[in-house]
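K.L.:
I am sharing start-v5.txt, which consists of compact mmCIF, C-alpha atoms:
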# COMPACT_ATOMS: atom_id res chain seq x y z
CA MET A 1 92.19 143.25 143.84
CA ASN A 2 92.79 139.93 145.52
CA TYR A 3 96.36 138.62 145.44
CA ILE A 4 95.91 135.61 147.71
CA GLY A 5 95.78 133.11 144.83
CA ILE A 6 98.92 134.58 143.27
CA ILE A 7 100.76 134.44 146.60
CA ILE A 8 99.76 130.82 147.21
CA GLY A 9 100.70 129.90 143.64
CA ALA A 10 104.11 131.58 143.93
CA VAL A 11 104.89 129.88 147.25
CA THR A 12 103.78 126.53 145.82
CA PHE A 13 106.16 127.08 142.90
CA LEU A 14 108.97 127.96 145.33
CA CYS A 15 108.30 124.90 147.50
CA ILE A 16 108.51 122.60 144.49
CA GLY A 17 111.65 124.40 143.35
CA LEU A 18 113.30 124.07 146.77
CA PHE A 19 112.28 120.49 147.52
CA HIS A 20 113.55 119.16 144.16
CA PRO A 21 117.27 119.84 144.80
CA LEU A 22 116.80 119.03 148.49
CA VAL A 23 115.60 115.52 147.60
CA ILE A 24 118.58 115.05 145.26
CA LYS A 25 121.06 116.13 147.95
CA VAL A 26 119.42 114.06 150.71
CA GLU A 27 119.48 110.93 148.55
CA TYR A 28 123.09 111.55 147.48
CA TYR A 29 124.46 112.07 151.00
CA PHE A 30 122.11 109.95 153.14
CA GLY A 31 120.21 107.62 150.81
CA THR A 32 116.59 106.90 151.65
CA LYS A 33 117.29 106.75 155.41
CA LEU A 34 115.94 110.26 156.05
CA TRP A 35 112.47 109.73 154.60
CA TRP A 36 111.13 110.01 158.15
CA ALA A 37 112.48 113.60 158.37
CA PHE A 38 110.22 114.59 155.46
CA LEU A 39 107.33 112.87 157.25
CA PHE A 40 108.03 114.68 160.53
CA VAL A 41 108.35 118.10 158.84
CA GLY A 42 105.20 117.47 156.80
CA LEU A 43 103.18 116.42 159.84
CA ALA A 44 104.40 119.42 161.82
CA ALA A 45 103.47 121.82 159.01
CA VAL A 46 100.02 120.27 158.58
CA ILE A 47 99.32 120.32 162.33
CA VAL A 48 100.31 123.99 162.51
CA ALA A 49 98.22 124.69 159.38
CA ILE A 50 95.17 123.27 161.13
CA THR A 51 95.66 125.46 164.19
CA VAL A 52 96.43 128.78 162.44
CA ASP A 53 93.53 131.21 162.03
CA ASN A 54 95.00 133.06 159.04
CA VAL A 55 93.73 131.44 155.83
CA VAL A 56 96.74 132.45 153.73
CA LEU A 57 99.30 131.21 156.29
CA SER A 58 97.32 128.00 156.80
CA SER A 59 97.27 127.43 153.03
CA LEU A 60 101.00 128.06 152.72
CA LEU A 61 101.76 125.68 155.58
CA GLY A 62 99.53 123.07 153.95
CA VAL A 63 101.37 123.43 150.65
CA PHE A 64 104.71 123.14 152.45
CA GLY A 65 103.55 120.10 154.45
CA PHE A 66 102.22 118.21 151.46
CA SER A 67 105.33 119.09 149.44
CA SER A 68 107.27 117.44 152.23
CA PHE A 69 105.02 114.36 152.06
CA TRP A 70 105.55 114.14 148.29
CA SER A 71 109.32 114.29 148.90
CA ILE A 72 109.10 110.94 150.73
CA TYR A 73 108.04 109.36 147.45
CA GLU A 74 110.57 111.36 145.48
CA VAL A 75 113.56 110.35 147.61
CA PHE A 76 112.84 106.68 146.77
CA GLU A 77 112.31 107.58 143.12
CA GLN A 78 115.61 109.48 143.18
CA LYS A 79 117.34 106.29 144.28
CA ARG A 80 115.85 104.54 141.24
CA ARG A 81 116.99 107.36 138.98
CA VAL A 82 120.52 107.00 140.38
CA GLU A 83 120.42 103.23 139.77
CA LYS A 84 119.43 103.91 136.15
CA GLY A 85 122.45 106.18 135.80
CA TRP A 86 120.49 109.41 135.39
CA PHE A 87 122.15 110.97 138.45
CA PRO A 88 125.60 110.34 139.95
CA LYS A 89 126.09 107.76 142.70
CA ASN A 90 127.77 108.74 145.91
CA PRO A 91 130.96 106.65 145.85
CA LYS A 92 130.84 106.33 149.65
CA ARG A 93 127.44 104.59 149.41
CA GLU A 94 128.01 102.51 146.25
CA LYS A 95 126.95 99.22 147.90
CA GLU A 96 123.45 100.55 148.65
CA TYR A 97 122.51 100.55 144.96
CA ARG A 98 121.48 97.61 142.80
CA ASN A 99 124.08 96.38 140.34
CA GLU A 100 123.60 97.40 136.70
CA GLY A 101 122.75 93.85 135.51
CA GLU A 102 120.57 92.95 138.46
CA THR A 103 116.85 92.56 137.79
CA LYS A 104 114.15 93.84 140.07
CA ALA A 105 112.43 91.03 142.02
Please go through the file and, once you have read it, give me the structure as structure tokens.
P.N.:
Amino acid sequence: MNYIGIIIGAVTFLCIGLFHPLVIKVEYYFGTKLWWAFLFVGLAAVIVAITVDNVVLSSLLGVFGFSSFWSIYEVFEQKRRVEKGWFPKNPKREKEYRNEGETKA
């Protein structure tokens, strides 16, 4: 029996499950300023994935890297969700959000 697909699927599921709350916390405490950290981690994971000989490890690093890339988009989307009132604003960073009545230009 071959379990490689199940392992990759499970790790993909875990990456999505871990990055989701991470994005929420990063946006809450730091705003969108740390998008570059997701880029750096993603690039590092992809570069290592290219150099690793083990197919399973390379696949898992690729999944992790591209989950990190997707988190760049999600941290900006999280800011929009906060502005809509779907998630709480950090009171220390209140001025970074658009006002409720303000329209998007």
K.L.:
Between A:Ile7, A:Leu18, A:Val56, A:Val23, which has the minimum distance to Gln78 in chain A (counting all atoms listed in the file)?
P.N.:
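Of all the options, A:Val23 lies closest to Gln78 in chain A.
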K.L.:
CA of Phe13 in chain A to CA of Lys25 in chain A: how many Å, to one decimal?
P.N.:
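Going from CA of Phe13 in chain A over to CA of Lys25 in chain A, I get 19.2 Å.
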K.L.:
In Å, rounded to a single decimal, give me how far CA of Phe69 in chain A is from CA of Glu27 in chain A.
P.N.:
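CA of Glu27 in chain A sits 15.3 Å away from CA of Phe69 in chain A.
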K.L.:
Please list as a ChimeraX atom specification every residue within 10 Å of Tyr28 in chain A, counting only C-alpha atoms and excluding residues in the same chain fewer than 5 positions away.
P.N.:
/A:22-23,75,78-79,82,87-93
K.L.:
Find the distance between CA of Ile16 in chain A and CA of Glu77 in chain A and write it in Å to one decimal.
P.N.:
15.6 Å
K.L.:
Between A:Glu96, A:Ile47, A:Trp35, A:Ile24, which is the closest to Arg81 in chain A once you count only C-alpha atoms?
P.N.:
A:Ile24
K.L.:
So, counting only C-alpha atoms, which residue among A:Val63, A:Ala37, A:Leu43, A:Phe30 is closest to Gly9 in chain A?
P.N.:
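Using only C-alpha atoms, Gly9 in chain A sits closest to A:Val63.
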K.L.:
Ranking A:Met1, A:Ile50, A:Leu14, A:Val26 by minimum distance to Phe64 in chain A and counting all atoms listed in the file, which one comes first?
P.N.:
A:Leu14
K.L.:
At a cut-off of 12 Å, using all atoms listed in the file, what residues contact Leu60 in chain A? Leave out same-chain residues fewer than 3 positions from it and give the result as a list in words.
P.N.:
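Using all atoms listed in the file, the neighbours found are Ile4, Gly5, Ile6, Ile7, Ile8, Gly9, Ala10, Val11, Thr12, Phe13, Leu14, Cys15, Ala45, Val46, Val48, Ala49, Ile50, Val52, Asn54, Val55, Val56, Leu57, Val63, Phe64, Gly65, Phe66 and Ser67 of chain A.
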K.L.:
Export C-alpha atoms of the chosen residues as a PDB file, in the frame of the given file?
P.N.:
ATOM      1  CA  ILE A   4      95.910 135.610 147.710  1.00  0.00           C
ATOM      2  CA  GLY A   5      95.780 133.110 144.830  1.00  0.00           C
ATOM      3  CA  ILE A   6      98.920 134.580 143.270  1.00  0.00           C
ATOM      4  CA  ILE A   7     100.760 134.440 146.600  1.00  0.00           C
ATOM      5  CA  ILE A   8      99.760 130.820 147.210  1.00  0.00           C
ATOM      6  CA  GLY A   9     100.700 129.900 143.640  1.00  0.00           C
ATOM      7  CA  ALA A  10     104.110 131.580 143.930  1.00  0.00           C
ATOM      8  CA  VAL A  11     104.890 129.880 147.250  1.00  0.00           C
ATOM      9  CA  THR A  12     103.780 126.530 145.820  1.00  0.00           C
ATOM     10  CA  PHE A  13     106.160 127.080 142.900  1.00  0.00           C
ATOM     11  CA  LEU A  14     108.970 127.960 145.330  1.00  0.00           C
ATOM     12  CA  CYS A  15     108.300 124.900 147.500  1.00  0.00           C
ATOM     13  CA  ALA A  45     103.470 121.820 159.010  1.00  0.00           C
ATOM     14  CA  VAL A  46     100.020 120.270 158.580  1.00  0.00           C
ATOM     15  CA  VAL A  48     100.310 123.990 162.510  1.00  0.00           C
ATOM     16  CA  ALA A  49      98.220 124.690 159.380  1.00  0.00           C
ATOM     17  CA  ILE A  50      95.170 123.270 161.130  1.00  0.00           C
ATOM     18  CA  VAL A  52      96.430 128.780 162.440  1.00  0.00           C
ATOM     19  CA  ASN A  54      95.000 133.060 159.040  1.00  0.00           C
ATOM     20  CA  VAL A  55      93.730 131.440 155.830  1.00  0.00           C
ATOM     21  CA  VAL A  56      96.740 132.450 153.730  1.00  0.00           C
ATOM     22  CA  LEU A  57      99.300 131.210 156.290  1.00  0.00           C
ATOM     23  CA  VAL A  63     101.370 123.430 150.650  1.00  0.00           C
ATOM     24  CA  PHE A  64     104.710 123.140 152.450  1.00  0.00           C
ATOM     25  CA  GLY A  65     103.550 120.100 154.450  1.00  0.00           C
ATOM     26  CA  PHE A  66     102.220 118.210 151.460  1.00  0.00           C
ATOM     27  CA  SER A  67     105.330 119.090 149.440  1.00  0.00           C
TER      28      SER A  67
END
K.L.:
Taking all atoms listed in the file into account, name the residue in A:Ser71, A:Phe76, A:Thr51, A:Ser59 that is nearest to Phe38 in chain A.
P.N.:
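Of all the options, A:Ser71 lies closest to Phe38 in chain A.
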K.L.:
Render chain A from the structure in the preceding block as a file of C-alpha atoms, as an mmCIF file, in the first residue's frame.
P.N.:
data_model
loop_
_atom_site.group_PDB
_atom_site.id
_atom_site.type_symbol
_atom_site.label_atom_id
_atom_site.label_comp_id
_atom_site.auth_asym_id
_atom_site.auth_seq_id
_atom_site.Cartn_x
_atom_site.Cartn_y
_atom_site.Cartn_z
ATOM 1 C CA MET A 1 0.000 0.000 0.000
ATOM 2 C CA ASN A 2 1.109 3.516 -0.774
ATOM 3 C CA TYR A 3 0.432 6.134 1.901
ATOM 4 C CA ILE A 4 2.283 9.044 0.324
ATOM 5 C CA GLY A 5 -0.889 10.720 -0.980
ATOM 6 C CA ILE A 6 -2.575 10.411 2.419
ATOM 7 C CA ILE A 7 0.463 11.876 4.176
ATOM 8 C CA ILE A 8 0.663 14.823 1.768
ATOM 9 C CA GLY A 9 -3.086 15.389 2.075
ATOM 10 C CA ALA A 10 -2.955 15.331 5.876
ATOM 11 C CA VAL A 11 -0.024 17.758 6.016
ATOM 12 C CA THR A 12 -1.788 20.051 3.533
ATOM 13 C CA PHE A 13 -4.848 20.010 5.794
ATOM 14 C CA LEU A 14 -2.660 20.800 8.821
ATOM 15 C CA CYS A 15 -0.884 23.659 7.012
ATOM 16 C CA ILE A 16 -4.198 25.260 6.104
ATOM 17 C CA GLY A 17 -5.425 24.729 9.655
ATOM 18 C CA LEU A 18 -2.297 26.311 11.155
ATOM 19 C CA PHE A 19 -1.958 29.235 8.758
ATOM 20 C CA HIS A 20 -5.598 30.339 9.200
ATOM 21 C CA PRO A 21 -5.299 31.360 12.882
ATOM 22 C CA LEU A 22 -1.735 32.563 12.282
ATOM 23 C CA VAL A 23 -2.976 35.048 9.678
ATOM 24 C CA ILE A 24 -5.689 36.265 12.067
ATOM 25 C CA LYS A 25 -3.170 36.797 14.893
ATOM 26 C CA VAL A 26 -0.569 38.471 12.657
ATOM 27 C CA GLU A 27 -3.151 40.917 11.297
ATOM 28 C CA TYR A 28 -4.524 41.638 14.778
ATOM 29 C CA TYR A 29 -1.151 42.368 16.395
ATOM 30 C CA PHE A 30 0.918 43.684 13.469
ATOM 31 C CA GLY A 31 -1.483 44.577 10.659
ATOM 32 C CA THR A 32 -0.345 43.894 7.113
ATOM 33 C CA LYS A 33 3.243 44.985 7.857
ATOM 34 C CA LEU A 34 4.535 41.412 8.140
ATOM 35 C CA TRP A 35 3.428 40.209 4.708
ATOM 36 C CA TRP A 36 7.118 40.047 3.770
ATOM 37 C CA ALA A 37 7.693 37.415 6.514
ATOM 38 C CA PHE A 38 5.239 35.090 4.760
ATOM 39 C CA LEU A 39 7.080 35.771 1.494
ATOM 40 C CA PHE A 40 10.479 35.022 3.041
ATOM 41 C CA VAL A 41 9.276 31.789 4.696
ATOM 42 C CA GLY A 42 7.546 30.706 1.488
ATOM 43 C CA LEU A 43 10.612 31.359 -0.654
ATOM 44 C CA ALA A 44 12.851 29.525 1.809
ATOM 45 C CA ALA A 45 10.535 26.499 1.854
ATOM 46 C CA VAL A 46 10.293 26.400 -1.949
ATOM 47 C CA ILE A 47 14.065 26.735 -2.392
ATOM 48 C CA VAL A 48 14.657 23.892 0.062
ATOM 49 C CA ALA A 49 11.917 21.851 -1.672
ATOM 50 C CA ILE A 50 13.789 22.190 -4.960
ATOM 51 C CA THR A 51 17.055 20.976 -3.450
ATOM 52 C CA VAL A 52 15.716 17.998 -1.435
ATOM 53 C CA ASP A 53 16.001 14.571 -3.059
ATOM 54 C CA ASN A 54 13.161 12.979 -1.074
ATOM 55 C CA VAL A 55 9.910 13.337 -3.045
ATOM 56 C CA VAL A 56 7.653 13.292 0.010
ATOM 57 C CA LEU A 57 9.694 15.898 1.917
ATOM 58 C CA SER A 58 9.959 18.055 -1.203
ATOM 59 C CA SER A 59 6.183 17.874 -1.661
ATOM 60 C CA LEU A 60 5.532 18.778 1.970
ATOM 61 C CA LEU A 61 7.920 21.734 1.783
ATOM 62 C CA GLY A 62 6.202 22.868 -1.408
ATOM 63 C CA VAL A 63 2.797 22.701 0.259
ATOM 64 C CA PHE A 64 4.142 24.649 3.239
ATOM 65 C CA GLY A 65 5.796 27.253 0.997
ATOM 66 C CA PHE A 66 2.741 27.871 -1.136
ATOM 67 C CA SER A 67 0.523 27.988 1.959
ATOM 68 C CA SER A 68 2.808 30.761 3.143
ATOM 69 C CA PHE A 69 2.461 32.563 -0.198
ATOM 70 C CA TRP A 70 -1.336 32.305 0.026
ATOM 71 C CA SER A 71 -1.148 33.817 3.526
ATOM 72 C CA ILE A 72 0.187 37.053 2.000
ATOM 73 C CA TYR A 73 -3.142 37.454 0.218
ATOM 74 C CA GLU A 74 -5.078 36.339 3.273
ATOM 75 C CA VAL A 75 -3.472 38.852 5.648
ATOM 76 C CA PHE A 76 -4.743 41.689 3.414
ATOM 77 C CA GLU A 77 -8.144 40.010 3.145
ATOM 78 C CA GLN A 78 -8.185 39.668 6.938
ATOM 79 C CA LYS A 79 -7.766 43.437 7.211
ATOM 80 C CA ARG A 80 -10.836 43.852 4.990
ATOM 81 C CA ARG A 81 -12.779 41.388 7.112
ATOM 82 C CA VAL A 82 -11.868 43.401 10.217
ATOM 83 C CA GLU A 83 -12.990 46.618 8.506
ATOM 84 C CA LYS A 84 -16.338 44.961 7.744
ATOM 85 C CA GLY A 85 -16.704 44.101 11.416
ATOM 86 C CA TRP A 86 -16.419 40.338 10.978
ATOM 87 C CA PHE A 87 -13.374 40.163 13.284
ATOM 88 C CA PRO A 88 -12.390 42.402 16.207
ATOM 89 C CA LYS A 89 -10.110 45.405 15.680
ATOM 90 C CA ASN A 90 -7.009 45.785 17.758
ATOM 91 C CA PRO A 91 -7.741 48.955 19.768
ATOM 92 C CA LYS A 92 -4.031 49.866 19.691
ATOM 93 C CA ARG A 93 -4.133 49.991 15.870
ATOM 94 C CA GLU A 94 -7.600 51.521 15.364
ATOM 95 C CA LYS A 95 -6.325 54.335 13.093
ATOM 96 C CA GLU A 96 -4.997 51.842 10.511
ATOM 97 C CA TYR A 97 -8.516 50.805 9.497
ATOM 98 C CA ARG A 98 -10.943 52.631 7.231
ATOM 99 C CA ASN A 99 -13.839 54.346 8.956
ATOM 100 C CA GLU A 100 -17.216 52.589 8.791
ATOM 101 C CA GLY A 101 -18.796 55.209 6.473
ATOM 102 C CA GLU A 102 -15.770 55.652 4.245
ATOM 103 C CA THR A 103 -16.055 54.367 0.687
ATOM 104 C CA LYS A 104 -13.322 52.526 -1.117
ATOM 105 C CA ALA A 105 -11.615 54.683 -3.769
#
